[in-house]
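Enquirer: Dropping the structure in here first, questions after.
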Protein chains: 2
Amino acid sequence: MRTAIHPDKDRGREVTSTEGQTSTVDVEEFHVYDTTLRDGAQQEGLSLSVQDKLAISRHLDELGVGFIEGGWPGAVPKDTEFFRRARHELQLTTATLAAFGATRKVGGRAADDELVRALVDAETPVVTLVAKSHVGHVERALRTTKAENLEMIRDTVSFLVGEGRRVFVDAEHFFDGYRLEPSYSFEVVRAAMEAGADVVVLCDTNGGMLPDDVHAAVASVAEATGARLGIHAHNDTGCAVANSLAAIDAGASHVQGTVNGTGERTGNADIMTVVANLELKRDRQVLPTGALTEMTRIAHAVSELTNIVPYSRQPYVGSSAFAHKAGLHASAIKVDPDLYQHTDPGQIGNDMRMLVSDMAGRASIELKGRELGFDLSNDRELVTRVTQRVKELEAAGYTFEAADASFELLLRQEAEGERTRFFDVESWRVITESRPGSEAVSEATVKLRAGGERAVVTGEGNGPVNALDHALRTAIGTLYPEIDKIELIDFRVRILDASHGTDAVTRVLVEMTDGARSWETVGVGANVIEASWEALVDGVTYGLLRQDVERVS
Amino acid sequence: MRTAIHPDKDRGREVTSTEGQTSTVDVEEFHVYDTTLRDGAQQEGLSLSVQDKLAISRHLDELGVGFIEGGWPGAVPKDTEFFRRARHELQLTTATLAAFGATRKVGGRAADDELVRALVDAETPVVTLVAKSHVGHVERALRTTKAENLEMIRDTVSFLVGEGRRVFVDAEHFFDGYRLEPSYSFEVVRAAMEAGADVVVLCDTNGGMLPDDVHAAVASVAEATGARLGIHAHNDTGCAVANSLAAIDAGASHVQGTVNGTGERTGNADIMTVVANLELKRDRQVLPTGALTEMTRIAHAVSELTNIVPYSRQPYVGSSAFAHKAGLHASAIKVDPDLYQHTDPGQIGNDMRMLVSDMAGRASIELKGRELGFDLSNDRELVTRVTQRVKELEAAGYTFEAADASFELLLRQEAEGERTRFFDVESWRVITESRPGSEAVSEATVKLRAGGERAVVTGEGNGPVNALDHALRTAIGTLYPEIDKIELIDFRVRILDASHGTDAVTRVLVEMTDGARSWETVGVGANVIEASWEALVDGVTYGLLRQDVERVS
């Protein structure tokens with residue numbers, strides 16, 4: 001049975017960029033192949049639902065990758081389900097969906113192999129087959145002969161091509177195998193190509209290669225076989241990106257990677273970094289025009305979906321990637337930002353940030369103020385006061401680097417002579433109780449004054465912070481109905497090392513949103529609830545301030 | 001005034017390795033130069049006390065680096081203090097201390113320059129001077145002429161050499177400058193060498209280079225000047241490690257980096273990864289014999305001191321670096337672990353780990369059991385039950401990848417038919433209260449049965465979890481005095497995304513120690529206190545189990 005899928009090899013889709021120009025990128029000339037949903041999902045701590053996978057696919061398509069590897073149908077039930085739902089629920093603009101699977105079982109026939117059938121049933125235009133290319137793996141893990149392994153490749157590739165699929169072959173453990181017995185690794189590439197594979201992807205499965213190794217092997221395979229080659233690198237030597245670039249330099253025209261470099265062990269090549277390097281450092285356009293500026297947003301959105309804390313030091317898209325804190329730099333950056341940035345952060349949708357820290361001088365505080373919309377250049381004394389206050393608070397465990405909203409409240413306090421206050425808290429109390437056979441419940445009582453009235457309000461919640469949040473909202477809701485738009489979306493707790501102070505203190509970061517934008521505040525205290533309350537009150541205060549709420553006192 | 005420091009350039013110190021052999025590594029032939037304490041401290045969120053710096057120096061010396069850059073005396077008061085205390089408090093075996101500073105001010109004399117004097121006063125054998133080597137920086141940031149910049153380098157280097165110091169020169173923004181005007185960058189290198197500098201370190205200060213760029217520039221500078229060259233790379237293109245290797249390949253014999261790759265923006269080259277690549281992938285010994293196996297321990301110890309959560313995906317030393325979860329791999333790893341590891345993790349003091357996760361098959365559970373000392377190979381049914389239970393719990397938000405102790409309790413529960421219990425909890429309640437003018441206080445009441453007795457105990461604490469911990473300890477302390485040895489050292493809280501379930505749940509990871517080893521447990525619940533309590537009870541139970549405490553019931 002042939003399916004009705006006829007992959008179009010000469011695609012060059014029209015894409016409208018965010019600037020409104022229309023341009024064409026030939027997604028066939030150079031393959032940007034994403035495997036976040038398959039190899040990326042091997043990362044420790046990562047578990048993706050079908051819903052997550054669908055959402056990530058939409059982001060990947062928006063980024064303009066050529067191919068999305070969705071999973072292993074037949075082997076992983078969730079992946080079978082993903083491909084079933086993708087047929088109806090995914091409308092892709094640039095990307096083509098690929099199903100991942102393995103060559104048929106030893107001694108069988110591809111046409112009868114249950115897992116190979118599942119690949120056909122996934123109904124994707126592309127099938128990517130993993131094949132052994134390392135003699136040791138053929139003989140010790142697969143427990144078969146070199147000849148049978150080649151036959152498994154030929155049989156499976158030609159069967160799938162006969163079913164109307166484009167086939168890519170992932171040559172597993174290729175570089176280790178090439179080192180051991182180069183002639184056999186050439187045979188594997190030839191077997192795949194002769195059976196009809198479009199691309200043979202050389203995989204550094206164990207990730208132990210350095211760029212020189214990769215360059216030499218890819219050049220030699222290209223010369224020996226004439227095949228179209230791809231690269232699949234892992235980061236075990238810290239060189240996944242450089243290895244990918246070395247392979248491309250040696251002739252590979254297909255690169256596999258994952259968003260944010262997720263993956264087993266040290267992860268896969270970060271597709272974001274590879275693509276940004278090609279476009280910005282090598283002037284090679286591989287994404288639709290305008291897509292690059294969406295990169296930072298998409299990287300963070302995928303972090304959210306994968307529920308992995310974004311890595312702040314990630315190249316190009318990390319929150320620290322264009323952050324400066326050295327006093328030396330900060331003063332020079334005021335003169336000429338280009339001298340201190342390897343690229344314009346706006347090109348990947350990121351921003352330059354000045355960090356407020358105890359290493360920062362006055363110049364950093366001034367630049368940070370400017371970033372938040374305050375011109376401090378004419379008030380030397382104010383800058384001195386703020387710098388001093390930041391140093392004191394950071395010594396006590398606060399951090400303003402991740403809490404812009406708390407910093408802005410501090411800045412206003414120093415500028416205006418008093419803290420912005422929409423209400424005055426008198427006291428609060430929260431009780432959490434667990435009784436046999438039922439879930440724990442929390443109940444908070446908040447006493448405060450707002451608009452000349454005293455309020456004593458009790459709120460319940462599924463946790464102490466939640467209960468305090470509810471009580472606070474009720475207490476001020478009549479006076480400030482805008483509070484309804486403000487939502488607490490995250491809080492993070494960190495115990496600061498006891499060696500850093502006389503006693504262990506807790507730092508809480510709270511994130512809130514009004515739907516349009518989000519902001520973070522910080523609270524510090526020996527008591528986690530007290531620190532949470534401080535961050536909560538700051539967060540609500542900042543949110544009301546943002547909405548230009550008039551203070552009633 | 002000359003100081004009494006006479007640096008010995010022909011050092012080749014005897015070092016006794018952990019295996020007991022004595023071997024010599026020539027720390028002069030190839031410089032491993034660590035700048036964690038200076039450039040590494042530019043990282044967002046990082047602030048090091050003098051005490052931290054002294055402790056990190058001891059770890060670096062143990063790792064066997066040749067040079068430790070301690071900071072910028074004169075410019076940073078904390079760093080002046082560090083060098084003062086280092087003279088009496090640091091006994092270094094392999095490493096030499098270096099003070100970092102800049103060339104003298106425009107138009108002045110090095111001998112009169114306050115900051116240059118501070119470098120002399122730091123009394124280190126080595127001084128590393130940062131010098132401008134990029135025309136744009138000379139003219140726009142420094143606002144002087146190319147000739148005066150060269151004079152500043154000559155004057156400062158020769159003054160310090162006259163004071164008995166070895167001088168290394170960091171040529172700032174070298175690669176960008178070389179691209180703009182190669183002849184001037186050569187002049188800078190020559191000026192430094194002619195004035196007596198030992199090494200000129202080419203810095204990719206903005207981090208925008210790719211390995212090809214670095215290789216070409218280093219080769220060309222080496223040919224044009226004959227100088228001894230070093231490399232200082234940042235990770236803005238994800239290539240800091242590969243760029244360092246490319247420079248070494250092109251002739252550099254001095255590499256700068258930081259432990260765990262900390263540093264401004266995306267960080268510096270990770271000195272651990274660079275060194276492990278040189279030793280394990282290029283057979284080039286650069287550390288004393290036996291030091292490499294201490295690398296993982298030292299990387300984690302420095303993480304603790306810098307109060308930065310270790311990056312699990314870090315090459316070689318990361319907790320995930322040799323972790324496997326794919327069912328496919330797990331079954332093959334049982335056959336032959338070497339097929340699936342790029343190097344033996346024991347060489348860097350790391351371990352292979354099997355991850356328990358919902359992607360794991362029965363093989364992973366079996367291997368994990370073996371790791372914990374349970375032979376499950378003969379009980380297929382038990383493995384099935386445990387696998388099933390892990391899947392259910394992970395779907396509810398638990399994670400066992402970071403909570404081995406909770407996994408072991410689960411395994412015992414399935415094997416023994418009931419949960420290990422040293423006490424039976426009836427109910428608990430915790431109240432946290434904040435009144436005007438005083439710190440918030442928490443008070444917990446725990447009701448439980450242990451050894452046939454019912455206990456109702458109230459404990460106070462500086463936070464709710466602390467109060468519960470105190471109450472629990474009091475309630476069981478008479479029966480199980482071993483509880484005194486068990487200490488809660490960390491807890492981490494994460495709100496799981498609401499999109500991952502019907503309601504937001506909180507996951508708490510608790511770490512405890514008995515002084516000899518530490519263990520982690522996990523708790524999950526809508527209520528953060530309830531989740532904490534679950535992790536707390538598991539942690540205490542596991543701790544008592546470890547100490548072979550006899551259960552009383």
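FYI, nothing fancy with the structure tokens labels: chains A, B, ... in order, residues from 1 per chain, ligands from 1 as they appear.
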Would you give me, as a ChimeraX atom specification, the residues in stretch 90-157 of chain B that DSSP reads as strand (DSSP E or B)?

Expert: /B:96-102,126-132

Enquirer: Please write the residues from the selection above to a file, keeping N, CA and C atoms, as a JSON list (two decimals), in the first residue's frame.

Expert:
[["chain", "number", "residue", "atom", "x", "y", "z"],
["B", 96, "THR", "N", 51.26, 29.30, 40.94],
["B", 96, "THR", "CA", 51.86, 30.59, 41.23],
["B", 96, "THR", "C", 50.76, 31.63, 41.17],
["B", 97, "LEU", "N", 50.79, 32.58, 42.09],
["B", 97, "LEU", "CA", 49.75, 33.60, 42.14],
["B", 97, "LEU", "C", 50.07, 34.75, 41.17],
["B", 98, "ALA", "N", 49.05, 35.23, 40.47],
["B", 98, "ALA", "CA", 49.22, 36.38, 39.58],
["B", 98, "ALA", "C", 48.25, 37.48, 39.96],
["B", 99, "ALA", "N", 48.74, 38.72, 39.95],
["B", 99, "ALA", "CA", 47.86, 39.87, 40.16],
["B", 99, "ALA", "C", 47.54, 40.47, 38.80],
["B", 100, "PHE", "N", 46.28, 40.88, 38.63],
["B", 100, "PHE", "CA", 45.83, 41.43, 37.36],
["B", 100, "PHE", "C", 45.74, 42.95, 37.47],
["B", 101, "GLY", "N", 46.13, 43.63, 36.40],
["B", 101, "GLY", "CA", 45.99, 45.08, 36.39],
["B", 101, "GLY", "C", 46.08, 45.61, 34.97],
["B", 102, "ALA", "N", 46.07, 46.92, 34.83],
["B", 102, "ALA", "CA", 46.09, 47.51, 33.49],
["B", 102, "ALA", "C", 47.38, 48.30, 33.29],
["B", 126, "VAL", "N", 53.94, 36.87, 39.63],
["B", 126, "VAL", "CA", 53.50, 37.20, 38.27],
["B", 126, "VAL", "C", 52.52, 38.36, 38.30],
["B", 127, "VAL", "N", 52.68, 39.26, 37.32],
["B", 127, "VAL", "CA", 51.67, 40.30, 37.11],
["B", 127, "VAL", "C", 51.15, 40.16, 35.69],
["B", 128, "THR", "N", 49.83, 40.13, 35.55],
["B", 128, "THR", "CA", 49.22, 40.07, 34.22],
["B", 128, "THR", "C", 48.59, 41.42, 33.92],
["B", 129, "LEU", "N", 49.06, 42.04, 32.85],
["B", 129, "LEU", "CA", 48.62, 43.39, 32.50],
["B", 129, "LEU", "C", 47.67, 43.34, 31.32],
["B", 130, "VAL", "N", 46.54, 43.98, 31.43],
["B", 130, "VAL", "CA", 45.67, 44.07, 30.26],
["B", 130, "VAL", "C", 46.10, 45.30, 29.46],
["B", 131, "ALA", "N", 46.21, 45.11, 28.14],
["B", 131, "ALA", "CA", 46.63, 46.20, 27.26],
["B", 131, "ALA", "C", 45.71, 46.25, 26.06],
["B", 132, "LYS", "N", 45.47, 47.44, 25.56],
["B", 132, "LYS", "CA", 44.61, 47.57, 24.37],
["B", 132, "LYS", "C", 45.38, 47.13, 23.14]]

Enquirer: May I have the residues within 9 Å of B:Leu382 as a list in words, using only C-alpha atoms and disregarding those fewer than 5 positions away in the same chain?

Expert: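 The contact residues come out as Leu376, Thr387, Leu411, Glu414 and Ala415 of chain B.
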
Enquirer: Write out the residues from the selection above, keeping N, CA and C atoms, as a CSV table (one decimal), in the first residue's frame.

Expert:
chain,number,residue,atom,x,y,z
B,376,LEU,N,18.3,-7.1,41.0
B,376,LEU,CA,17.0,-7.3,40.6
B,376,LEU,C,16.8,-8.3,39.4
B,387,THR,N,8.9,-0.2,37.7
B,387,THR,CA,8.8,0.6,36.5
B,387,THR,C,7.5,1.3,36.4
B,411,LEU,N,11.8,1.5,45.9
B,411,LEU,CA,12.3,0.1,45.5
B,411,LEU,C,12.0,-0.8,46.7
B,414,GLU,N,8.3,-1.7,47.2
B,414,GLU,CA,7.8,-2.7,46.3
B,414,GLU,C,8.4,-4.1,46.6
B,415,ALA,N,9.7,-4.1,47.0
B,415,ALA,CA,10.3,-5.4,47.3
B,415,ALA,C,9.8,-6.0,48.6

Enquirer: Using only C-alpha atoms, which protein or nucleic acid residues come within 8 Å of stretch 157-173 of chain A? Drop anything in the same chain fewer than 2 positions from it, and give the result as a PyMOL selection string.

Expert: chain A and resi 1-7+103+110-111+120+124-134+153-155+175-177+188-189+192+195-206

Enquirer: Generate a file of the selected residues that holds N, CA and C atoms, formatted as a short mmCIF file (atom, residue, chain, number, x, y, z; two decimals), in the first residue's frame.

Expert:
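Writing done, so here's out.cif:
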data_model
loop_
_atom_site.label_atom_id
_atom_site.label_comp_id
_atom_site.auth_asym_id
_atom_site.auth_seq_id
_atom_site.Cartn_x
_atom_site.Cartn_y
_atom_site.Cartn_z
N MET A 1 0.83 -1.22 0.00
CA MET A 1 0.00 0.00 0.00
C MET A 1 0.86 1.26 0.00
N ARG A 2 0.65 2.10 -0.97
CA ARG A 2 1.39 3.36 -1.03
C ARG A 2 0.54 4.47 -0.43
N THR A 3 1.15 5.30 0.31
CA THR A 3 0.37 6.42 0.84
C THR A 3 0.41 7.55 -0.17
N ALA A 4 -0.37 8.54 0.09
CA ALA A 4 -0.53 9.63 -0.87
C ALA A 4 0.48 10.76 -0.67
N ILE A 5 1.54 10.45 0.05
CA ILE A 5 2.49 11.53 0.34
C ILE A 5 3.54 11.65 -0.75
N HIS A 6 3.63 12.81 -1.34
CA HIS A 6 4.62 13.03 -2.39
C HIS A 6 5.50 14.20 -2.00
N PRO A 7 6.56 13.90 -1.33
CA PRO A 7 7.41 15.01 -0.86
C PRO A 7 7.97 15.80 -2.03
N THR A 103 16.66 0.58 11.48
CA THR A 103 16.61 -0.42 10.42
C THR A 103 15.94 -1.68 10.97
N ALA A 110 12.12 -6.03 6.01
CA ALA A 110 11.61 -4.71 6.36
C ALA A 110 10.09 -4.65 6.23
N ALA A 111 9.58 -5.26 5.16
CA ALA A 111 8.15 -5.20 4.88
C ALA A 111 7.32 -5.86 5.99
N VAL A 120 5.80 3.79 8.49
CA VAL A 120 4.93 4.07 7.33
C VAL A 120 3.61 4.64 7.83
N THR A 124 4.54 10.50 7.58
CA THR A 124 5.35 11.71 7.44
C THR A 124 6.06 11.67 6.10
N PRO A 125 6.32 12.83 5.50
CA PRO A 125 7.05 12.85 4.21
C PRO A 125 8.46 12.28 4.34
N VAL A 126 9.07 12.47 5.51
CA VAL A 126 10.45 12.03 5.71
C VAL A 126 10.51 10.97 6.80
N VAL A 127 11.35 9.97 6.57
CA VAL A 127 11.66 9.01 7.63
C VAL A 127 13.17 9.04 7.85
N THR A 128 13.59 9.17 9.09
CA THR A 128 15.01 9.13 9.41
C THR A 128 15.31 7.82 10.12
N LEU A 129 16.20 7.05 9.54
CA LEU A 129 16.51 5.72 10.05
C LEU A 129 17.86 5.71 10.73
N VAL A 130 17.92 5.20 11.93
CA VAL A 130 19.24 5.06 12.56
C VAL A 130 19.81 3.71 12.14
N ALA A 131 21.10 3.73 11.74
CA ALA A 131 21.76 2.51 11.29
C ALA A 131 23.12 2.41 11.97
N LYS A 132 23.54 1.19 12.24
CA LYS A 132 24.85 1.01 12.86
C LYS A 132 25.94 1.22 11.81
N SER A 133 27.02 1.90 12.20
CA SER A 133 28.11 2.10 11.25
C SER A 133 29.46 1.82 11.90
N HIS A 134 29.41 1.21 13.09
CA HIS A 134 30.61 0.94 13.88
C HIS A 134 30.68 -0.58 14.06
N ILE A 153 20.26 -2.22 6.18
CA ILE A 153 20.17 -0.84 5.73
C ILE A 153 19.52 -0.79 4.34
N ARG A 154 20.05 -1.60 3.42
CA ARG A 154 19.53 -1.61 2.04
C ARG A 154 18.04 -1.94 2.03
N ASP A 155 17.69 -3.01 2.72
CA ASP A 155 16.31 -3.49 2.73
C ASP A 155 15.36 -2.42 3.29
N PHE A 175 31.80 8.33 13.89
CA PHE A 175 33.19 8.78 13.98
C PHE A 175 34.09 7.78 14.71
N ASP A 176 33.53 7.14 15.75
CA ASP A 176 34.29 6.08 16.43
C ASP A 176 34.52 4.91 15.47
N GLY A 177 33.47 4.59 14.70
CA GLY A 177 33.57 3.49 13.74
C GLY A 177 34.57 3.78 12.64
N VAL A 188 28.89 1.50 4.66
CA VAL A 188 27.58 1.85 5.23
C VAL A 188 26.99 3.03 4.48
N VAL A 189 27.80 4.07 4.25
CA VAL A 189 27.31 5.25 3.55
C VAL A 189 26.86 4.88 2.13
N ALA A 192 23.53 2.92 2.06
CA ALA A 192 22.37 3.79 2.27
C ALA A 192 22.05 4.59 1.01
N ALA A 195 20.64 2.51 -1.88
CA ALA A 195 19.26 2.07 -1.66
C ALA A 195 18.26 3.21 -1.76
N GLY A 196 18.78 4.43 -1.92
CA GLY A 196 17.86 5.55 -2.16
C GLY A 196 17.78 6.61 -1.08
N ALA A 197 18.69 6.56 -0.08
CA ALA A 197 18.65 7.60 0.96
C ALA A 197 19.08 8.95 0.36
N ASP A 198 18.46 10.02 0.85
CA ASP A 198 18.80 11.36 0.37
C ASP A 198 20.06 11.91 1.03
N VAL A 199 20.19 11.64 2.33
CA VAL A 199 21.28 12.19 3.11
C VAL A 199 21.77 11.11 4.07
N VAL A 200 23.08 11.03 4.27
CA VAL A 200 23.59 10.19 5.35
C VAL A 200 24.17 11.12 6.40
N VAL A 201 23.62 11.01 7.59
CA VAL A 201 24.01 11.91 8.67
C VAL A 201 25.04 11.21 9.54
N LEU A 202 26.23 11.81 9.62
CA LEU A 202 27.30 11.21 10.41
C LEU A 202 27.12 11.64 11.87
N CYS A 203 26.94 10.65 12.75
CA CYS A 203 26.60 10.96 14.14
C CYS A 203 27.79 10.71 15.06
N ASP A 204 28.10 11.74 15.87
CA ASP A 204 29.07 11.53 16.94
C ASP A 204 28.26 11.17 18.18
N THR A 205 27.77 9.94 18.19
CA THR A 205 26.78 9.51 19.18
C THR A 205 27.30 9.63 20.61
N ASN A 206 28.55 9.24 20.83
CA ASN A 206 29.12 9.34 22.18
C ASN A 206 29.74 10.70 22.46
#

Enquirer: Applying 12 Å and only C-alpha atoms, which residues near A:Leu479 remain after dropping the ones on its own chain fewer than 4 positions away? List them as a PyMOL selection string.

Expert: chain A and resi 422-423+449-455+472-475+483-484+544+549-553

Enquirer: Would you save the residues from that selection as a short mmCIF file (atom, residue, chain, number, x, y, z; two decimals), in the first residue's frame, using C-alpha atoms?

Expert:
data_model
loop_
_atom_site.label_atom_id
_atom_site.label_comp_id
_atom_site.auth_asym_id
_atom_site.auth_seq_id
_atom_site.Cartn_x
_atom_site.Cartn_y
_atom_site.Cartn_z
CA PHE A 422 -0.54 51.46 47.89
CA PHE A 423 -1.27 49.99 51.33
CA ARG A 449 -4.63 49.84 56.02
CA ALA A 450 -5.48 51.18 52.57
CA GLY A 451 -7.35 54.33 51.58
CA GLY A 452 -7.82 55.24 55.21
CA GLU A 453 -9.63 52.01 56.01
CA ARG A 454 -8.37 49.08 58.07
CA ALA A 455 -8.90 45.64 56.57
CA LEU A 472 -3.96 40.42 50.08
CA ARG A 473 -6.05 40.59 46.92
CA THR A 474 -9.29 40.56 48.88
CA ALA A 475 -8.01 43.21 51.29
CA ILE A 483 -5.29 43.80 41.01
CA ASP A 484 -7.47 41.33 39.09
CA LEU A 544 -0.26 48.59 40.29
CA VAL A 549 -3.15 53.25 39.47
CA GLU A 550 -3.67 56.32 41.59
CA ARG A 551 -2.51 55.81 45.13
CA VAL A 552 -5.18 56.27 47.76
CA SER A 553 -3.89 57.02 51.22
#

Enquirer: What's the 9 Å shell around B:Gly461, counting only C-alpha atoms, without same-chain residues fewer than 3 positions away, as a list in words?

Expert: Asn527 of chain A; Val441, Ser442, Glu443, Ala444, Pro464, Val465, Asn466, Ala467, Leu468, Asp469 and His470 of chain B

Enquirer: Mind checking which residues fall within 12 Å of B:Phe30, counting only C-alpha atoms, ignoring those fewer than 3 positions away in the same chain, and posting them as a PyMOL selection string?

Expert: chain B and resi 10-12+25-27+33+65-67+199+228-231+248+251-256+275+278+284-288

Enquirer: Would you please give, as an NGL selection string, all residues of stretch 449-494 of chain A that DSSP assigns to alpha helix (DSSP H) based on the backbone?

Expert: :A and (464-477)

Enquirer: Go ahead and compute the interatomic distance for atom CA of A:Gly238 and atom CA of B:Val241, in Å to one decimal.

Expert: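 Going from atom CA of A:Gly238 over to atom CA of B:Val241, I get 6.3 Å.
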
Enquirer: Given only C-alpha atoms as the basis, pick out the residue of A:His342, A:His88, A:His215, A:Arg421 nearest to chain B.

Expert: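 Nearest candidate to chain B out of A:His342, A:His88, A:His215, A:Arg421: A:His342.
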
Enquirer: Let me make sure I understand: among A:Arg109, A:Arg313, A:His232, A:Arg179, which one has the smallest atom-to-atom distance to chain B if we use only C-alpha atoms?

Expert: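 Of all the options, A:Arg313 lies closest to chain B.
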
Enquirer: Pick out the residues sitting within 8 Å of A:Arg435, and hand them over as a list in words; count only C-alpha atoms, and ignore anything fewer than 6 positions along from it in its own chain.

Expert: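 After dropping sequence-adjacent residues, the list is Glu426, Ser427 and Trp428 of chain B.
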
Enquirer: Provide the atom CA of B:Ala95 to atom CA of B:Glu69 distance in Å, to one decimal place.

Expert: 10.0 Å
